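query_25.csv follows (CSV, C-alpha atoms):
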```
chain,number,residue,atom,x,y,z
E,1,MET,CA,0.0,0.0,0.0
E,2,THR,CA,1.3,3.4,-0.9
E,3,ASN,CA,1.8,5.9,1.9
E,4,HIS,CA,-0.5,8.9,1.0
E,5,ALA,CA,0.5,10.8,4.2
E,6,PRO,CA,4.1,11.9,3.9
E,7,VAL,CA,3.5,14.5,6.6
E,8,THR,CA,2.1,13.2,9.9
E,9,GLY,CA,2.6,16.3,12.1
E,10,PRO,CA,2.0,18.8,13.4
E,11,PHE,CA,-0.7,18.8,10.7
E,12,ARG,CA,-1.3,15.6,8.6
E,13,ILE,CA,-1.0,16.2,4.9
E,14,THR,CA,-2.0,13.5,2.4
E,15,VAL,CA,-1.1,13.6,-1.3
E,16,GLU,CA,-3.0,11.9,-4.0
E,17,SER,CA,-2.8,11.8,-7.8
E,18,ILE,CA,-5.5,13.4,-10.0
E,19,PRO,CA,-5.5,13.4,-13.8
E,20,THR,CA,-3.9,16.9,-14.0
E,21,GLY,CA,-1.6,16.8,-11.0
E,22,VAL,CA,-2.1,16.2,-7.3
E,23,THR,CA,-4.3,17.1,-4.4
E,24,LEU,CA,-2.9,18.1,-1.0
E,25,ASP,CA,-5.4,17.3,1.7
E,26,VAL,CA,-4.8,19.6,4.6
E,27,GLY,CA,-7.9,18.8,6.5
E,28,ALA,CA,-6.2,18.8,9.9
E,29,PHE,CA,-4.9,22.3,9.2
E,30,VAL,CA,-8.3,23.5,8.1
E,31,GLU,CA,-9.8,22.1,11.3
E,32,ARG,CA,-7.3,24.1,13.3
E,33,VAL,CA,-8.2,27.3,11.3
E,34,VAL,CA,-11.9,26.8,11.8
E,35,HIS,CA,-11.2,26.2,15.5
E,36,ASP,CA,-9.2,29.5,15.7
E,37,VAL,CA,-12.0,31.4,13.9
E,38,VAL,CA,-14.7,30.1,16.1
E,39,ALA,CA,-12.6,30.7,19.2
E,40,ALA,CA,-12.0,34.3,18.1
E,41,LEU,CA,-15.8,34.8,17.5
E,42,LEU,CA,-16.7,33.4,20.9
E,43,ASN,CA,-13.9,34.9,23.0
E,44,ASP,CA,-13.2,38.3,21.5
E,45,ASP,CA,-16.1,40.7,21.8
E,46,ALA,CA,-14.8,42.8,19.0
E,47,TYR,CA,-15.0,40.0,16.5
E,48,ALA,CA,-18.4,38.8,17.9
E,49,ASP,CA,-19.8,42.4,17.6
E,50,ARG,CA,-18.6,42.7,14.0
E,51,PHE,CA,-20.1,39.4,13.1
E,52,ALA,CA,-23.4,40.3,14.7
E,53,ALA,CA,-23.4,43.6,12.8
E,54,LEU,CA,-22.8,41.7,9.5
E,55,GLN,CA,-25.8,39.5,10.3
E,56,ASP,CA,-27.9,42.6,10.6
E,57,LEU,CA,-26.6,43.9,7.2
E,58,GLN,CA,-27.7,40.7,5.3
E,59,PRO,CA,-30.2,41.5,2.5
E,60,GLN,CA,-33.8,40.5,3.2
E,61,ASP,CA,-34.2,39.1,-0.3
E,62,PRO,CA,-32.4,35.8,-0.5
E,63,HIS,CA,-32.2,36.2,-4.3
E,64,MET,CA,-30.0,39.3,-4.0
E,65,PRO,CA,-26.8,38.2,-2.2
E,66,GLU,CA,-24.7,41.1,-1.3
E,67,ARG,CA,-21.3,41.4,0.5
E,68,SER,CA,-20.3,44.5,2.2
E,69,LEU,CA,-16.8,45.9,2.9
E,70,PRO,CA,-17.2,45.0,6.6
E,71,PHE,CA,-17.6,41.3,5.6
E,72,GLU,CA,-14.4,41.4,3.6
E,73,GLU,CA,-12.6,43.2,6.4
E,74,LEU,CA,-13.8,40.6,9.0
E,75,VAL,CA,-12.7,37.8,6.8
E,76,ALA,CA,-9.3,39.3,6.4
E,77,ASP,CA,-8.9,39.9,10.2
E,78,LEU,CA,-10.1,36.3,11.0
E,79,VAL,CA,-7.6,34.9,8.5
E,80,ALA,CA,-4.9,36.8,10.2
E,81,VAL,CA,-6.0,35.4,13.6
E,82,ALA,CA,-6.1,31.8,12.3
E,83,GLY,CA,-2.9,31.9,10.2
E,84,THR,CA,-2.2,30.5,6.8
E,85,LYS,CA,1.0,28.6,6.9
E,86,VAL,CA,1.3,24.8,7.3
E,87,PRO,CA,4.5,23.9,8.9
E,88,VAL,CA,6.4,20.9,7.5
E,89,TYR,CA,9.5,19.8,9.5
E,90,GLY,CA,12.7,18.0,8.6
E,91,LEU,CA,12.4,14.7,6.7
E,92,GLN,CA,8.7,15.2,6.3
E,93,ALA,CA,9.4,18.1,4.0
E,94,LEU,CA,11.5,15.8,1.8
E,95,ARG,CA,8.9,13.1,1.9
E,96,LEU,CA,6.2,15.6,0.9
E,97,ALA,CA,8.3,16.9,-2.0
E,98,GLY,CA,9.0,13.3,-3.2
E,99,ARG,CA,5.4,12.3,-2.9
E,100,VAL,CA,4.2,15.4,-4.9
E,101,GLU,CA,6.8,14.7,-7.5
E,102,ARG,CA,5.9,11.0,-7.9
E,103,CYS,CA,2.2,11.8,-8.1
E,104,ALA,CA,2.6,14.8,-10.5
E,105,ALA,CA,5.0,13.1,-12.9
E,106,PRO,CA,2.4,11.1,-14.9
E,107,ALA,CA,0.2,14.2,-15.3
E,108,VAL,CA,3.1,16.4,-16.4
E,109,GLU,CA,4.2,13.7,-18.9
E,110,ALA,CA,0.7,13.5,-20.3
E,111,LEU,CA,0.4,17.3,-20.6
E,112,GLN,CA,3.8,17.5,-22.4
E,113,ALA,CA,2.7,14.7,-24.8
E,114,LEU,CA,-0.5,16.6,-25.5
E,115,ASP,CA,1.4,19.8,-26.1
E,116,LYS,CA,3.7,17.9,-28.5
E,117,VAL,CA,0.7,16.5,-30.5
E,118,GLU,CA,-0.9,19.9,-30.6
E,119,ALA,CA,2.3,21.5,-31.9
E,120,ILE,CA,2.7,18.8,-34.6
E,121,ALA,CA,-1.0,19.2,-35.7
E,122,LEU,CA,-0.6,23.0,-35.8
E,123,ALA,CA,2.5,22.8,-37.9
E,124,SER,CA,0.8,20.4,-40.3
E,125,ILE,CA,-2.2,22.8,-40.6
E,126,MET,CA,0.1,25.7,-41.2
E,127,ARG,CA,1.9,23.8,-44.0
E,128,GLY,CA,-1.5,23.1,-45.6
E,129,GLU,CA,-1.4,19.4,-44.9
E,130,GLY,CA,-4.5,19.1,-42.8
E,131,GLY,CA,-7.5,20.7,-41.1
E,132,ALA,CA,-9.4,23.5,-42.9
E,133,ALA,CA,-6.5,24.3,-45.1
E,134,ALA,CA,-6.5,20.9,-46.8
```
Would you put the structure from the file into structure tokens?
Amino acid sequence: MTNHAPVTGPFRITVESIPTGVTLDVGAFVERVVHDVVAALLNDDAYADRFAALQDLQPQDPHMPERSLPFEELVADLVAVAGTKVPVYGLQALRLAGRVERCAAPAVEALQALDKVEAIALASIMRGEGGAAA
């Protein structure tokens, strides 16, 4: 079985192949971010008051979604409280890089092959050997 989790801590990161590259699952980190945001809303009256004010500003017509500048400002402030960096330490950093490289290689090769086929087809069309020019 392939190890899909090259990073086990402090935040678990799994890497899986997709047709066009890889996905990095940082669910443990997102859980921490959500925890920090909820804690800020519950424990800091300034954030709670701003959130309550935003609820009052919501449009009454559900078919007319609107976002106000205070919404964007609160989002930015909560992102700053929660943080945005996922630490990866020591050998786990190398395992993560290796796993991403192994998973991404087939997608990169396929995209390069597709680019080569498209370039050949375009050159053929430009020489009048195929496509609409034929």
Query raised in the report: Which neighbours of segment 5-19 of chain E fall inside 10 Å, counting all atoms listed in the file, when residues of the same chain fewer than 2 positions from it are skipped, and could you give them as number ranges by chain?
Result: E: 2-3, 21-32, 86-89, 91-100, 102-108, 110-111
Query - atom CA of Gln58 of chain E to atom CA of Asp45 of chain E, straight-line distance in Å - result: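 Interatomic distance here is 20.2 Å.
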**Report entry** Between atom CA of Val33 of chain E and atom CA of Asp77 of chain E - distance in Å to one decimal
**Finding:**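 About the pair atom CA of Asp77 of chain E and atom CA of Val33 of chain E: they are 12.7 Å apart.
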Report summary line: Computed gap from atom CA of Leu42 of chain E to atom CA of Asp56 of chain E is 17.8 Å
Requested in this report: May I have the residues within 10 Å of Leu54 of chain E as a PyMOL selection string, using only C-alpha atoms and disregarding those fewer than 4 positions away in the same chain?
Outcome: chain E and resi 48-50+58+67-71+74
Could you please take those selected residues and save C-alpha atoms as a PDB file, in the coordinates of the input?
```pdb
ATOM      1  CA  ALA E  48     -18.400  38.800  17.900  1.00  0.00           C
ATOM      2  CA  ASP E  49     -19.800  42.400  17.600  1.00  0.00           C
ATOM      3  CA  ARG E  50     -18.600  42.700  14.000  1.00  0.00           C
ATOM      4  CA  GLN E  58     -27.700  40.700   5.300  1.00  0.00           C
ATOM      5  CA  ARG E  67     -21.300  41.400   0.500  1.00  0.00           C
ATOM      6  CA  SER E  68     -20.300  44.500   2.200  1.00  0.00           C
ATOM      7  CA  LEU E  69     -16.800  45.900   2.900  1.00  0.00           C
ATOM      8  CA  PRO E  70     -17.200  45.000   6.600  1.00  0.00           C
ATOM      9  CA  PHE E  71     -17.600  41.300   5.600  1.00  0.00           C
ATOM     10  CA  LEU E  74     -13.800  40.600   9.000  1.00  0.00           C
TER      11      LEU E  74
END
```
Requested in this report: With a distance cut-off of 9 Å and only C-alpha atoms, select the neighbouring residues of Ala82 of chain E, excluding the residue or stretch itself and same-chain residues fewer than 6 positions from it, and output the selection as a list in words.
Outcome: Arg32, Val33, Val34, His35, Asp36, Val37 and Ala40 of chain E
C-alpha atoms of the current selection, written as a PDB file, in the frame of the given file:
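See again.pdb below for the written result:
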```
ATOM      1  CA  ARG E  32      -7.300  24.100  13.300  1.00  0.00           C
ATOM      2  CA  VAL E  33      -8.200  27.300  11.300  1.00  0.00           C
ATOM      3  CA  VAL E  34     -11.900  26.800  11.800  1.00  0.00           C
ATOM      4  CA  HIS E  35     -11.200  26.200  15.500  1.00  0.00           C
ATOM      5  CA  ASP E  36      -9.200  29.500  15.700  1.00  0.00           C
ATOM      6  CA  VAL E  37     -12.000  31.400  13.900  1.00  0.00           C
ATOM      7  CA  ALA E  40     -12.000  34.300  18.100  1.00  0.00           C
TER       8      ALA E  40
END
```
